[in-house]
Each structure stands twice: as structure tokens, then as C-alpha cells.
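I have placed the structure first, in the form of C-alpha cells, so that the comments after it can refer back to it.
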Amino acid sequence: QVRLAESGGGLVQAGDSLRLSCAASGRTSSRYAMGWFRQAPGKEREFVAAISWSGDTTDYADSVKGRFTISRDNTKNTGYLQMNSLKPEETAVYYCAAKALGYLSASSYYNEGYNYDYWGQGTQVTVSS
């Protein structure tokens, strides 16, 4: 069992930056891929970014490419999402997720939510215009 806790959300203005963190606890000796998703009021959850266990492969939604950066520090069991040039339409609850890899490649990453085994409670990001 892996428990995830997001932090770093808040209220910012359009064009500002935020860095979200996702701290993992529990069975962190296992390898797991990580992802970030967001859900705005009245909308479905959408993929934002993903990173492999090894950190050598990443994937981004087209809407955030060039502005967001996903990273991780396995020594701290923590993942990060650096968000720059935020837009009002990116106001949402941001969730991190983890997928246990077992014997899968350390370079595996996933951009579909159904692949993930564990989810955090989410952190609110509000971008004012």
C-alpha cells in the first residue's frame, strides 16, 4: 500500500508559477510510476503529466507542454509538478497518482488514470485572471 499526499496548491494570478509536491509513504520500497491529473468543477478528470520510476521518460498533455515540468526524487519518495505561466482555465484540484510496476520496466509511464493503483486526496489550485 502506498499513500500519497499532495501539497503546494493555492491561489495565484494568471502567469504565476506554483510547484506541487506529492509525498509517498507506506510501501515506498516498491517501484512505481507517477502521474498528475486535474479535475475542474463540472469537468472530467484529465491527464496532466507522467513520469517513470527511473525519471528518464516523461509525458505531458499538449495543453501544458513547455510550461509544466514533472520530476521526482526517489531518495525522498516525492514527486513534483512545476507549473509556470498558469492560466485561469487551469483552476482545478490536482491529484497525484502512483502505479506499482512490479516486473514492468522502470521506464514505463502512463497517461490514463485507470492504470494507476493509488491516488492522493488532491490539492486545490486556483488561478485568478
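We label chains A, B, ... in the order they appear in the C-alpha cells, count residues from 1 in each chain, and number ligands from 1 in the order shown.
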
Run DSSP on the backbone and grab whatever in range 63-92 of chain A lands in strand (DSSP E or B); send it over as a PyMOL selection string. chain A and resi 68-73+78-83+92

Residues near Asn77 in chain A, cut-off 9 Å, only C-alpha atoms, skip fewer than 2 positions along chain, as number ranges by chain: A: 22-25, 28, 72-75, 79

Based on the selection just made, write C-alpha atoms of those residues as a tab-separated table (two decimals), in the first residue's frame.
chain	number	residue	atom	x	y	z
A	22	CYS	CA	3.47	14.55	-3.87
A	23	ALA	CA	4.90	12.73	-0.87
A	24	ALA	CA	4.63	8.96	-0.87
A	25	SER	CA	4.59	6.86	2.27
A	28	THR	CA	7.73	3.02	-0.90
A	72	ARG	CA	10.77	13.08	-8.86
A	73	ASP	CA	13.29	12.43	-6.13
A	74	ASN	CA	13.18	8.77	-5.21
A	75	THR	CA	15.52	9.33	-2.26
A	79	GLY	CA	7.23	13.75	-6.93

I'd like the contact shell of range 110-122 of chain A - 10 Å cut-off, only C-alpha atoms, skipping same-chain residues fewer than 4 positions apart - returned as a ChimeraX atom specification. /A:1-7,9,22-24,32-39,45-52,58-61,92-101

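Across range 22-122 of chain A, DSSP run on the backbone finds helix (DSSP H, G or I) at Asp62, Ser63, Val64, Pro88, Glu89, Glu90, Gly113, Tyr114 and Asn115 of chain A.
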
I'd like the neighbourhood of Leu11 in chain A as a list in words, where a residue qualifies if any of its atoms comes within 8 Å (using only C-alpha atoms), though same-chain residues fewer than 3 positions away should be ignored. Val125, Thr126, Val127 and Ser128 of chain A

Those residues you just picked out, can you put them in a file as a tab-separated table (two decimals), in the first residue's frame with C-alpha atoms?
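Final file, selection-v6.tsv:
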chain	number	residue	atom	x	y	z
A	125	VAL	CA	-5.03	25.28	-7.50
A	126	THR	CA	-6.91	28.48	-8.24
A	127	VAL	CA	-5.68	30.85	-10.92
A	128	SER	CA	-7.28	34.28	-10.97

I'd like the interatomic distance between CA of Trp53 in chain A and CA of Met83 in chain A, to a tenth of an Å. 20.6 Å
